[in-house]
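Asks: Here's a structure for you.
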Amino acid sequence: MSEKNLQPYIPVFSVLLAFAAGSAIIALTGTDPVEVYQKMVRSTFGSGYGFGQVLFRSTTLVLTGLAVALPFRVKLFNVGAEGQLLMGSFAAAICGTMIPVTTSPLIAAPAALLAAMAAGSIWAVAAGLLKVRFGVNEVISTIMLNFIAQALTGYLLTNHFAVPSTVHTSQMASGTTLPGFDRLFGLSWHSPANLSTLIAILISLLLALLLFRSRYGFTLSASGLNPEAARHAGIDTDSRIIGAMAIGGALAGLGAGNLVLGYKHWFESGLTSGAGFMGIAVALLAGAHPLWILLSALLFGWLDYGGLTVNTMVPKEIFMIVQAVTILAIISFPALSALRKR
Amino acid sequence: MASLKTLVRLNGISRSFGTFLANDKVSLAIHEGTIHALVGENGAGKSTLSNIMYGLLRPDSGTIELDGHKVSFGSPRQAIKAGIGMVHQHFMLIPTLTVAENIVLGDERSSLFTPLPRRRIEKEILELSRRHGMEVDPGAPVSSLSVGEQQRVEILKVLYRNARLLILDEPTAVLSPPETEQLFRSLRSLANEGRSVMLVTHKLDEVLEVSDEVSVMRKGRLIGTLSTSEATRESLARMMVGRDVLLRTDNPPQQPGKTVLSIEKLEYRTPDGRQKLRGLDLKVRAGEIYGIAGVEGNGQSELLSLLWGSWDRHGRVAGKISIEGVPILDRNPAEIADMGVSMIPEDRLESAVVPEFSIEDNLLFGRHREKAFHRGLGFDREKLRKATGKAIADYDIRFSLKDNPPISSLSGGNQQKLVLARELERPDIRLLVLAQPTRGVDIGAIELIHRRIVEARVRGIAILLVSSELEEIIALSTRIGCLFEGAIRHEFSEEEVRNGRISESGFEKEIGLYIT
């Protein structure tokens with residue numbers, strides 16, 4: 001009984017524990033943790049630019065988090081959000097450079113987004129098909145697909161698409177870019193935050209509706225929770241697996257909307273900076289729930305950028321430790337309570 | 001009994017899970033050289049009590065005495081050392097190891113650097129097994145053994161560790177009638193040797209047949225212990241349920257209608273080449289219950305999966321199954337359900353429900369394609385709530401939590417009632433396939449389930465009933481087919497079944513001849 005009641009608080013405990021651990025490490029480096037956290041809060045929530053940075057980073061994480069969360073609902077661990085995001089970003093950038101400059105933004109931007117989603121989706125469905133057809137473990141196949149995406153985009157970039165003597169593709173047509181917050185709301189944050197943040201929030205809401213209110217979501221959940229019974233009930237579980245991967249991959253690809261269309265306006269090496277991997281952590285902390293992912297992504301986005309702002313006081317690696325400890329705690333707490341049940 | 005020495009004595013054992021009191025001050029004495037049956041409905045606290053005795057759970061209060069000395073087990077290892085062993089319902093054997101290796105596992109009696117004295121061990125095991133009529137080949141890999149033989153290995157494993165008390169949890173659930181008889185002979189032989197056996201079961205016939213003493217539990221309490229010679233079926237059932245129980249369902253005769261299900265010369269070979277069905281023939285008409293009697297593993301599972309379109313397509317199939325003349329072998333479960341077929345699978349938890357889903361969602365599960373439940377892209381929750389309320393009332397589904405709890409919080413019997421409510425209430429249903437409809441279900445719930453099945457038959461539904469409980473087959477069926485090695489070996493006509501019901505035990509023996 002008591003374990004049941006504690007269950008919803010596990011993420012909170014885990015975050016608190018991680019911050020305690022982070023504080024201890026900061027103290028060990030000879031700095032006052034309170035001061036560090038104060039500065040972090042000041043330079044993120046206290047300034048438009050900082051806050052925009054946090055939103056920008058969180059937005060990619062929302063999308064990659066959802067990309068991990070949805071397959072999670074059918075018991076698939078999609079470790080490949082990174083590769084899917086890479087493929088999506090590359091596709092978006094190429095689409096942006098190829099599209100005629102005269103195309104209306106109302107067509108050009110959605111076209112680039114669709115290209116990104118299609119590329120991400122194909123990359124994820126490949127793992128789904130391997131799973132359904134040949135029983136290949138999706139963890140292994142998505143990791144391998146990450147490597148392939150890395151190598152493929154790297155090769156195409158350096159050998160075919162990079163602007164000479166740079167590491168990025170040429171600038172996209174202006175019609176394919178997404179407006180920043182400054183233009184949208186008349187602000188002067190000068191931050192990379194853009195329309196994608198709103199798109200990501202909308203997508204989370206839609207995904208929650210899909211999962212918890214639609215017939216498709218019902219069959220998807222059933223396929224994940226009890227595949228045997230789902231098949232017995234006449235649900236095609238294989239197609240749900242492919243479906244979850246397809247949507248998940250498309251969402252990871254959509255991360256390109258934020259990174260490429262909204263900010264960089266080209267593809268460059270190191271563009272994703274591991275946002276696909278951090279999506280795994282985001283999804284785990286949120287219990288794969290689309291709405292909690294918004295909050296969870298905000299926390300990780302804040303740690304990501306906040307760590308940079310206090311770089312002069314403490315190494316930003318400490319905040320990577322905080323992130324990792326959070327996840328370790330999340331996955332360890334249920335195991336602990338299972339032990340205590342005896 | 002008073003003259004017998006007490007081996008184990010439980011004093012006021014209590015154990016709760018959260019607010020649920022699974023054992024409430026249970027006191028019990030097991031004497032040396034006796035078979036002590038522990039009966040009760042599902043959820044009465046039998047398993048909790050045996051797990052406490054075996055050291056898997058700790059009691060919140062109360063003490064255990066062994067030979068008059070207080071003991072307390074922190075783990076099964078300690079219980080085994082003290083001489084208490086348990087055979088679980090689900091076997092815990094490693095299929096790739098041999099019988100002997102499985103038996104000595106965890107008790108190898110050899111050091112890291114000396115090899116296992118294989119020959120000596122195998123000889124010991126052979127002697128032990130012969131002495132109690134439980135012969136198995138110690139060198140055979142466990143994967144090659146039948147279920148009955150695997151159970152022997154589990155028992156030998158406990159005996160090899162010199163257990164003085166054997167706890168057996170529902171040991172006959174997986175056995176054929178002859179295997180059950182053999183098991184009981186072995187248990188008697190163990191008792192004669194001075195060992196004690198605690199038989200946890202809900203089958204009253206077995207209790208009366210084999211035990212010396214019987215303790216009855218209800219809702220966590222020990223209702224009483226009596227000598228088996230003083231007990232009757234009725235008195236035990238009353239103690240278990242707390243009221244008089246109708247052990248026999250009223251089954252009025254009826255004129256069956258046209259043929260609904262027809263199976264002709266059905267053959268099935270599994271992907272790894274085992275022939276599971278060998279020319280099975282049967283017909284089920286509207287308004288009749290066709291009972292398939294048989295020991296598990298004679299092709300029931302394969303027949304069910306072929307009927308439902310969920311069979312392994314890598315296997316080889318021949319023959320014909322048709323429903324009202326339409327062949328169905330090439331159809332999938334969704335298409336077959338659309339033809340007005342409903343199926344209650346053998347294993348409820350594995351194939352019929354999603355444990356994490358609520359009652360309402362489980363009632364929808366498998367019927368989610370019905371337009372009546374749809375609204376927009378989702379479901380008509382209002383309509384569903386009403387349907388759920390009706391099912392709960394009509395099928396007497398009981399649960400302690402408020403509102404709409406996950407189905408895993410319901411007892412097995414209530415889960416089964418819910419599955420039955422879902423499948424029997426499908427609109428336009430013509431054929432109902434029931435596999436083990438009352439497995440793991442309380443006596444009280446069996447009564448209601450049987451009544452609902454007969455009602456469905458009276459409505460004109462064709463019903464195919466597959467059950468390993470002969471009693472159930474005899475009570476419900478219009479006709480009975482005896483399934484043996486993948487074919488109907490003998491069929492009892494309607495008249496024969498009606499007459500058979502009059503002298504049930506004789507009829508059971510007669511059926512028994514055709515299924516072994």
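A note on labels: chains of the structure tokens are A, B, ... as shown, every chain counts residues from 1, and ligands are counted from 1 in their shown order.
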Determine which residues of chain A sit within 10 Å of chain B, taking into account only C-alpha atoms, and present them as a PDB file with N, CA and C atoms, in the first residue's frame.

Replies:
```
ATOM      1  N   MET A   1       0.828  -1.202   0.000  1.00  0.00           N
ATOM      2  CA  MET A   1       0.000   0.000   0.000  1.00  0.00           C
ATOM      3  C   MET A   1       0.867   1.258   0.000  1.00  0.00           C
ATOM      4  N   SER A   2       1.760   1.308   0.997  1.00  0.00           N
ATOM      5  CA  SER A   2       2.550   2.536   1.114  1.00  0.00           C
ATOM      6  C   SER A   2       3.442   2.731  -0.112  1.00  0.00           C
ATOM      7  N   GLU A   3       3.934   1.601  -0.657  1.00  0.00           N
ATOM      8  CA  GLU A   3       4.774   1.724  -1.856  1.00  0.00           C
ATOM      9  C   GLU A   3       3.982   2.347  -2.999  1.00  0.00           C
ATOM     10  N   LYS A   4       2.720   1.892  -3.115  1.00  0.00           N
ATOM     11  CA  LYS A   4       1.842   2.406  -4.159  1.00  0.00           C
ATOM     12  C   LYS A   4       1.698   3.916  -4.061  1.00  0.00           C
ATOM     13  N   LEU A 209      -3.576  13.103 -25.983  1.00  0.00           N
ATOM     14  CA  LEU A 209      -4.921  12.755 -26.456  1.00  0.00           C
ATOM     15  C   LEU A 209      -4.888  11.440 -27.221  1.00  0.00           C
ATOM     16  N   LEU A 210      -3.896  11.302 -28.086  1.00  0.00           N
ATOM     17  CA  LEU A 210      -3.773  10.087 -28.878  1.00  0.00           C
ATOM     18  C   LEU A 210      -3.637   8.860 -27.978  1.00  0.00           C
ATOM     19  N   PHE A 212      -4.265   8.516 -24.597  1.00  0.00           N
ATOM     20  CA  PHE A 212      -5.208   8.233 -23.516  1.00  0.00           C
ATOM     21  C   PHE A 212      -6.669   8.358 -23.919  1.00  0.00           C
ATOM     22  N   ARG A 213      -6.935   8.938 -25.071  1.00  0.00           N
ATOM     23  CA  ARG A 213      -8.336   9.138 -25.420  1.00  0.00           C
ATOM     24  C   ARG A 213      -8.757   8.454 -26.722  1.00  0.00           C
ATOM     25  N   SER A 214      -7.795   8.144 -27.590  1.00  0.00           N
ATOM     26  CA  SER A 214      -8.203   7.635 -28.903  1.00  0.00           C
ATOM     27  C   SER A 214      -8.247   6.115 -28.912  1.00  0.00           C
ATOM     28  N   ARG A 215      -8.928   5.573 -29.902  1.00  0.00           N
ATOM     29  CA  ARG A 215      -8.983   4.124 -30.053  1.00  0.00           C
ATOM     30  C   ARG A 215      -7.614   3.570 -30.410  1.00  0.00           C
ATOM     31  N   TYR A 216      -6.881   4.350 -31.225  1.00  0.00           N
ATOM     32  CA  TYR A 216      -5.531   3.895 -31.582  1.00  0.00           C
ATOM     33  C   TYR A 216      -4.667   3.772 -30.329  1.00  0.00           C
ATOM     34  N   GLY A 217      -4.756   4.780 -29.470  1.00  0.00           N
ATOM     35  CA  GLY A 217      -3.978   4.750 -28.230  1.00  0.00           C
ATOM     36  C   GLY A 217      -4.353   3.579 -27.346  1.00  0.00           C
ATOM     37  N   PHE A 218      -5.641   3.259 -27.314  1.00  0.00           N
ATOM     38  CA  PHE A 218      -6.119   2.133 -26.513  1.00  0.00           C
ATOM     39  C   PHE A 218      -5.466   0.836 -26.978  1.00  0.00           C
ATOM     40  N   THR A 219      -5.466   0.633 -28.299  1.00  0.00           N
ATOM     41  CA  THR A 219      -4.878  -0.597 -28.816  1.00  0.00           C
ATOM     42  C   THR A 219      -3.352  -0.585 -28.654  1.00  0.00           C
ATOM     43  N   SER A 221      -1.659   0.915 -26.145  1.00  0.00           N
ATOM     44  CA  SER A 221      -1.358   0.601 -24.741  1.00  0.00           C
ATOM     45  C   SER A 221      -1.539  -0.884 -24.484  1.00  0.00           C
ATOM     46  N   ALA A 222      -2.626  -1.445 -25.001  1.00  0.00           N
ATOM     47  CA  ALA A 222      -2.879  -2.870 -24.779  1.00  0.00           C
ATOM     48  C   ALA A 222      -1.750  -3.708 -25.367  1.00  0.00           C
ATOM     49  N   SER A 223      -1.283  -3.320 -26.571  1.00  0.00           N
ATOM     50  CA  SER A 223      -0.192  -4.074 -27.203  1.00  0.00           C
ATOM     51  C   SER A 223       1.058  -4.044 -26.348  1.00  0.00           C
ATOM     52  N   GLY A 224       1.284  -2.910 -25.686  1.00  0.00           N
ATOM     53  CA  GLY A 224       2.478  -2.803 -24.859  1.00  0.00           C
ATOM     54  C   GLY A 224       2.339  -3.539 -23.544  1.00  0.00           C
ATOM     55  N   LEU A 225       1.158  -3.434 -22.929  1.00  0.00           N
ATOM     56  CA  LEU A 225       0.986  -3.987 -21.586  1.00  0.00           C
ATOM     57  C   LEU A 225       0.830  -5.504 -21.603  1.00  0.00           C
ATOM     58  N   ASN A 226       0.142  -6.039 -22.592  1.00  0.00           N
ATOM     59  CA  ASN A 226      -0.034  -7.481 -22.673  1.00  0.00           C
ATOM     60  C   ASN A 226      -0.186  -7.901 -24.131  1.00  0.00           C
ATOM     61  N   PRO A 227       0.950  -8.035 -24.831  1.00  0.00           N
ATOM     62  CA  PRO A 227       0.918  -8.313 -26.267  1.00  0.00           C
ATOM     63  C   PRO A 227       0.135  -9.583 -26.602  1.00  0.00           C
ATOM     64  N   GLU A 228       0.327 -10.605 -25.791  1.00  0.00           N
ATOM     65  CA  GLU A 228      -0.357 -11.871 -26.007  1.00  0.00           C
ATOM     66  C   GLU A 228      -1.877 -11.653 -26.033  1.00  0.00           C
ATOM     67  N   ALA A 229      -2.370 -10.969 -25.001  1.00  0.00           N
ATOM     68  CA  ALA A 229      -3.808 -10.733 -24.917  1.00  0.00           C
ATOM     69  C   ALA A 229      -4.261  -9.805 -26.033  1.00  0.00           C
ATOM     70  N   ALA A 230      -3.427  -8.845 -26.394  1.00  0.00           N
ATOM     71  CA  ALA A 230      -3.801  -7.915 -27.454  1.00  0.00           C
ATOM     72  C   ALA A 230      -3.998  -8.664 -28.763  1.00  0.00           C
ATOM     73  N   ARG A 231      -3.066  -9.572 -29.056  1.00  0.00           N
ATOM     74  CA  ARG A 231      -3.214 -10.369 -30.278  1.00  0.00           C
ATOM     75  C   ARG A 231      -4.497 -11.187 -30.204  1.00  0.00           C
ATOM     76  N   HIS A 232      -4.753 -11.714 -29.021  1.00  0.00           N
ATOM     77  CA  HIS A 232      -5.959 -12.520 -28.839  1.00  0.00           C
ATOM     78  C   HIS A 232      -7.205 -11.671 -29.072  1.00  0.00           C
ATOM     79  N   ALA A 233      -7.131 -10.411 -28.691  1.00  0.00           N
ATOM     80  CA  ALA A 233      -8.282  -9.525 -28.848  1.00  0.00           C
ATOM     81  C   ALA A 233      -8.374  -8.988 -30.274  1.00  0.00           C
ATOM     82  N   GLY A 234      -7.555  -9.505 -31.155  1.00  0.00           N
ATOM     83  CA  GLY A 234      -7.643  -9.113 -32.549  1.00  0.00           C
ATOM     84  C   GLY A 234      -6.907  -7.833 -32.888  1.00  0.00           C
ATOM     85  N   ILE A 235      -5.947  -7.456 -32.045  1.00  0.00           N
ATOM     86  CA  ILE A 235      -5.167  -6.251 -32.333  1.00  0.00           C
ATOM     87  C   ILE A 235      -3.878  -6.678 -33.031  1.00  0.00           C
ATOM     88  N   ASP A 236      -3.545  -5.999 -34.126  1.00  0.00           N
ATOM     89  CA  ASP A 236      -2.317  -6.319 -34.841  1.00  0.00           C
ATOM     90  C   ASP A 236      -1.151  -5.639 -34.116  1.00  0.00           C
ATOM     91  N   LYS A 341       9.453  -5.288  -0.191  1.00  0.00           N
ATOM     92  CA  LYS A 341       8.127  -5.902  -0.146  1.00  0.00           C
ATOM     93  C   LYS A 341       8.118  -7.227   0.609  1.00  0.00           C
ATOM     94  N   ARG A 342       9.276  -7.870   0.728  1.00  0.00           N
ATOM     95  CA  ARG A 342       9.297  -9.186   1.362  1.00  0.00           C
ATOM     96  C   ARG A 342       8.808  -9.154   2.795  1.00  0.00           C
TER      97      ARG A 342
END
```

Asks: Residues within 9 Å of Thr60 in chain A, please, as a PyMOL selection string. Count only C-alpha atoms; anything in the same chain fewer than 5 positions from it doesn't count.

Replies: chain A and resi 55+65+196-197+200+252+254-259+272+275-276+279+297+301

Asks: Taking C-alpha atoms for each residue, export the selection above as a compact mmCIF listing (two decimals), in the first residue's frame.

Replies:
```
# COMPACT_ATOMS: atom_id res chain seq x y z
CA LEU A 55 13.26 27.07 -23.74
CA GLY A 65 11.72 12.68 -25.16
CA SER A 196 9.14 25.25 -32.46
CA THR A 197 8.61 25.60 -28.70
CA ALA A 200 6.40 21.01 -29.29
CA ALA A 252 12.68 13.13 -33.18
CA LEU A 254 10.86 17.27 -35.97
CA GLY A 255 13.55 18.33 -33.49
CA ALA A 256 15.20 19.69 -36.63
CA GLY A 257 12.46 22.31 -36.72
CA ASN A 258 13.97 23.77 -33.58
CA LEU A 259 17.66 23.29 -34.30
CA THR A 272 22.50 17.86 -32.09
CA ALA A 275 19.89 15.91 -27.48
CA GLY A 276 18.69 12.55 -28.78
CA GLY A 279 15.67 12.45 -24.63
CA ALA A 297 12.42 18.48 -20.56
CA GLY A 301 17.05 22.00 -20.53
```

Asks: Nearest residue to Leu76 in chain A out of A:Asp32, A:Asp182, A:Glu138, A:Glu268, using only C-alpha atoms?

Replies: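 That would be A:Glu138, the residue with the smallest distance to Leu76 in chain A.
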
Asks: Suppose you want the space between CA of Pro71 in chain A and CA of Ile199 in chain A; what is it in Å?

Replies: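 Computed distance, CA of Pro71 in chain A to CA of Ile199 in chain A, equals 20.5 Å.
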
Asks: Range 35-267 of chain A: which residues are helix (DSSP H, G or I) by DSSP, as a PyMOL selection string?

Replies: chain A and resi 35-45+48-73+81-98+105-134+138-161+174-176+181-185+196-213+215-225+227-232+237-264

Asks: What separation in Å, quoted to one decimal, exists between CA of Gly55 in chain B and CA of Ala29 in chain B?

Replies: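 Calculated distance between CA of Gly55 in chain B and CA of Ala29 in chain B is 17.3 Å.
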
Asks: Please indicate the distance in Å from CA of Pro59 in chain B to CA of Gly43 in chain B, rounded to one decimal place.

Replies: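 Interatomic distance here is 16.9 Å.
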
Asks: Quick one: everything within 9 Å of range 18-23 of chain A, counting only C-alpha atoms, minus sequence neighbours fewer than 3 positions away in the same chain. Send it as a ChimeraX atom specification.

Replies: /A:13-15,26-28,32-34,37,318-319,321-327,329

Asks: What's around range 302-306 of chain A at 8 Å? Count only C-alpha atoms, leave out sequence neighbours fewer than 6 positions away in its own chain, and write the answer as a short mmCIF file (atom, residue, chain, number, x, y, z; two decimals) with C-alpha atoms, in the first residue's frame.

Replies:
```cif
data_model
loop_
_atom_site.label_atom_id
_atom_site.label_comp_id
_atom_site.auth_asym_id
_atom_site.auth_seq_id
_atom_site.Cartn_x
_atom_site.Cartn_y
_atom_site.Cartn_z
CA MET A 40 22.02 29.68 -12.18
CA VAL A 41 18.48 30.76 -11.40
CA SER A 43 20.96 33.92 -15.28
CA THR A 44 18.24 31.63 -16.62
CA GLY A 50 18.80 32.98 -20.56
CA GLN A 53 18.09 29.56 -24.16
CA VAL A 54 16.44 27.22 -21.64
CA ARG A 57 17.18 23.54 -25.34
CA SER A 58 14.06 22.13 -23.70
CA PHE A 319 25.38 19.20 -13.96
CA MET A 320 25.81 16.24 -16.20
CA GLN A 323 21.26 14.64 -14.68
#
```

Asks: Could you tell me which of A:Leu328, A:Leu220, A:Ala118, A:Ile143 comes closest to Leu284 in chain A if we count only C-alpha atoms?

Replies: A:Leu328

Asks: Between A:Ile94, A:Ala111, A:Ile203, A:Leu129, which has the minimum distance to Leu156 in chain A (counting only C-alpha atoms)?

Replies: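 Of A:Ile94, A:Ala111, A:Ile203, A:Leu129, the one nearest Leu156 in chain A is A:Ile94, counting only C-alpha atoms.
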
Asks: Near Ser229 in chain B, within 9 Å and counting only C-alpha atoms, which residues show up once chain neighbours fewer than 5 positions away are dropped, as an MDAnalysis selection string?

Replies: chainID B and resid 208 212:213

Asks: For Ile443 in chain B, which residue out of B:Val214, B:Ala237, B:Ile292, B:Leu470 is the nearest one, using only C-alpha atoms?

Replies: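 Smallest distance to Ile443 in chain B is found for B:Ala237.
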
Asks: I want to know what sits within 8 Å of range 160-177 of chain B, based on only C-alpha atoms, with residues of the same chain fewer than 5 positions away left out; could you give that as a ChimeraX atom specification?

Replies: /B:47,50,80-89,103-104,107,125,128,147-148,151,194-202,295-296,512

Asks: Write out, as a compact mmCIF listing (two decimals), in the first residue's frame, the residues just selected, with N, CA and C atoms.

Replies:
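result_24.txt was written with the following content:
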```
# COMPACT_ATOMS: atom_id res chain seq x y z
N SER B 47 -2.06 -19.46 0.38
CA SER B 47 -0.71 -19.28 -0.16
C SER B 47 0.14 -18.45 0.78
N SER B 50 1.29 -20.74 3.54
CA SER B 50 2.35 -21.68 3.16
C SER B 50 3.66 -20.95 2.88
N ILE B 80 14.38 -24.96 4.48
CA ILE B 80 14.80 -26.24 3.94
C ILE B 80 15.75 -26.94 4.90
N LYS B 81 16.66 -26.15 5.46
CA LYS B 81 17.62 -26.71 6.40
C LYS B 81 16.92 -27.30 7.62
N ALA B 82 15.83 -26.63 8.02
CA ALA B 82 15.10 -27.11 9.19
C ALA B 82 14.19 -28.29 8.84
N GLY B 83 14.05 -28.59 7.55
CA GLY B 83 13.27 -29.76 7.15
C GLY B 83 11.91 -29.45 6.57
N ILE B 84 11.71 -28.20 6.12
CA ILE B 84 10.44 -27.87 5.48
C ILE B 84 10.70 -27.56 4.01
N GLY B 85 10.03 -28.29 3.13
CA GLY B 85 10.23 -28.06 1.70
C GLY B 85 8.90 -27.76 1.03
N MET B 86 8.98 -27.04 -0.10
CA MET B 86 7.73 -26.68 -0.76
C MET B 86 7.82 -26.93 -2.26
N VAL B 87 6.74 -27.45 -2.82
CA VAL B 87 6.65 -27.61 -4.26
C VAL B 87 5.60 -26.63 -4.76
N HIS B 88 6.04 -25.71 -5.59
CA HIS B 88 5.13 -24.66 -6.05
C HIS B 88 4.28 -25.16 -7.20
N GLN B 89 3.22 -24.43 -7.44
CA GLN B 89 2.32 -24.77 -8.54
C GLN B 89 3.05 -24.65 -9.87
N ILE B 103 18.09 -31.58 -9.21
CA ILE B 103 17.81 -31.95 -7.82
C ILE B 103 18.92 -31.48 -6.89
N VAL B 104 20.16 -31.59 -7.31
CA VAL B 104 21.25 -31.20 -6.40
C VAL B 104 21.54 -29.70 -6.46
N ASP B 107 22.57 -27.49 -3.62
CA ASP B 107 22.93 -28.38 -2.52
C ASP B 107 23.93 -29.38 -3.06
N ILE B 125 19.29 -40.82 -6.11
CA ILE B 125 18.00 -40.31 -6.58
C ILE B 125 17.12 -41.44 -7.08
N LEU B 128 15.69 -43.28 -4.11
CA LEU B 128 14.68 -42.45 -3.45
C LEU B 128 13.38 -42.47 -4.25
N VAL B 147 4.81 -33.13 -17.75
CA VAL B 147 4.52 -32.28 -16.61
C VAL B 147 4.50 -33.08 -15.31
N GLY B 148 3.88 -34.27 -15.38
CA GLY B 148 3.80 -35.11 -14.18
C GLY B 148 5.18 -35.50 -13.69
N GLN B 151 6.93 -32.68 -11.99
CA GLN B 151 6.48 -32.52 -10.61
C GLN B 151 7.21 -33.49 -9.69
N GLY B 194 6.79 -41.58 7.91
CA GLY B 194 6.90 -40.67 9.04
C GLY B 194 7.01 -39.21 8.66
N ARG B 195 7.02 -38.92 7.36
CA ARG B 195 7.06 -37.53 6.93
C ARG B 195 5.65 -36.95 6.95
N SER B 196 5.55 -35.64 6.94
CA SER B 196 4.24 -34.99 6.90
C SER B 196 4.09 -34.27 5.57
N VAL B 197 2.84 -34.19 5.13
CA VAL B 197 2.55 -33.51 3.88
C VAL B 197 1.46 -32.48 4.13
N MET B 198 1.69 -31.26 3.65
CA MET B 198 0.60 -30.29 3.68
C MET B 198 0.15 -30.06 2.25
N LEU B 199 -1.11 -30.38 1.98
CA LEU B 199 -1.65 -30.32 0.64
C LEU B 199 -2.54 -29.09 0.53
N VAL B 200 -2.08 -28.09 -0.21
CA VAL B 200 -2.88 -26.87 -0.38
C VAL B 200 -3.73 -27.04 -1.62
N THR B 201 -5.03 -26.96 -1.49
CA THR B 201 -5.89 -27.26 -2.64
C THR B 201 -7.24 -26.60 -2.49
N HIS B 202 -8.01 -26.58 -3.60
CA HIS B 202 -9.40 -26.18 -3.45
C HIS B 202 -10.33 -27.26 -3.96
N VAL B 295 -7.08 -34.80 -20.99
CA VAL B 295 -5.95 -34.36 -20.20
C VAL B 295 -5.23 -33.27 -20.99
N GLU B 296 -4.74 -32.27 -20.30
CA GLU B 296 -4.08 -31.17 -20.99
C GLU B 296 -2.93 -31.67 -21.86
N GLY B 512 -12.83 -41.36 -18.18
CA GLY B 512 -11.41 -41.49 -17.88
C GLY B 512 -10.74 -42.53 -18.76
```
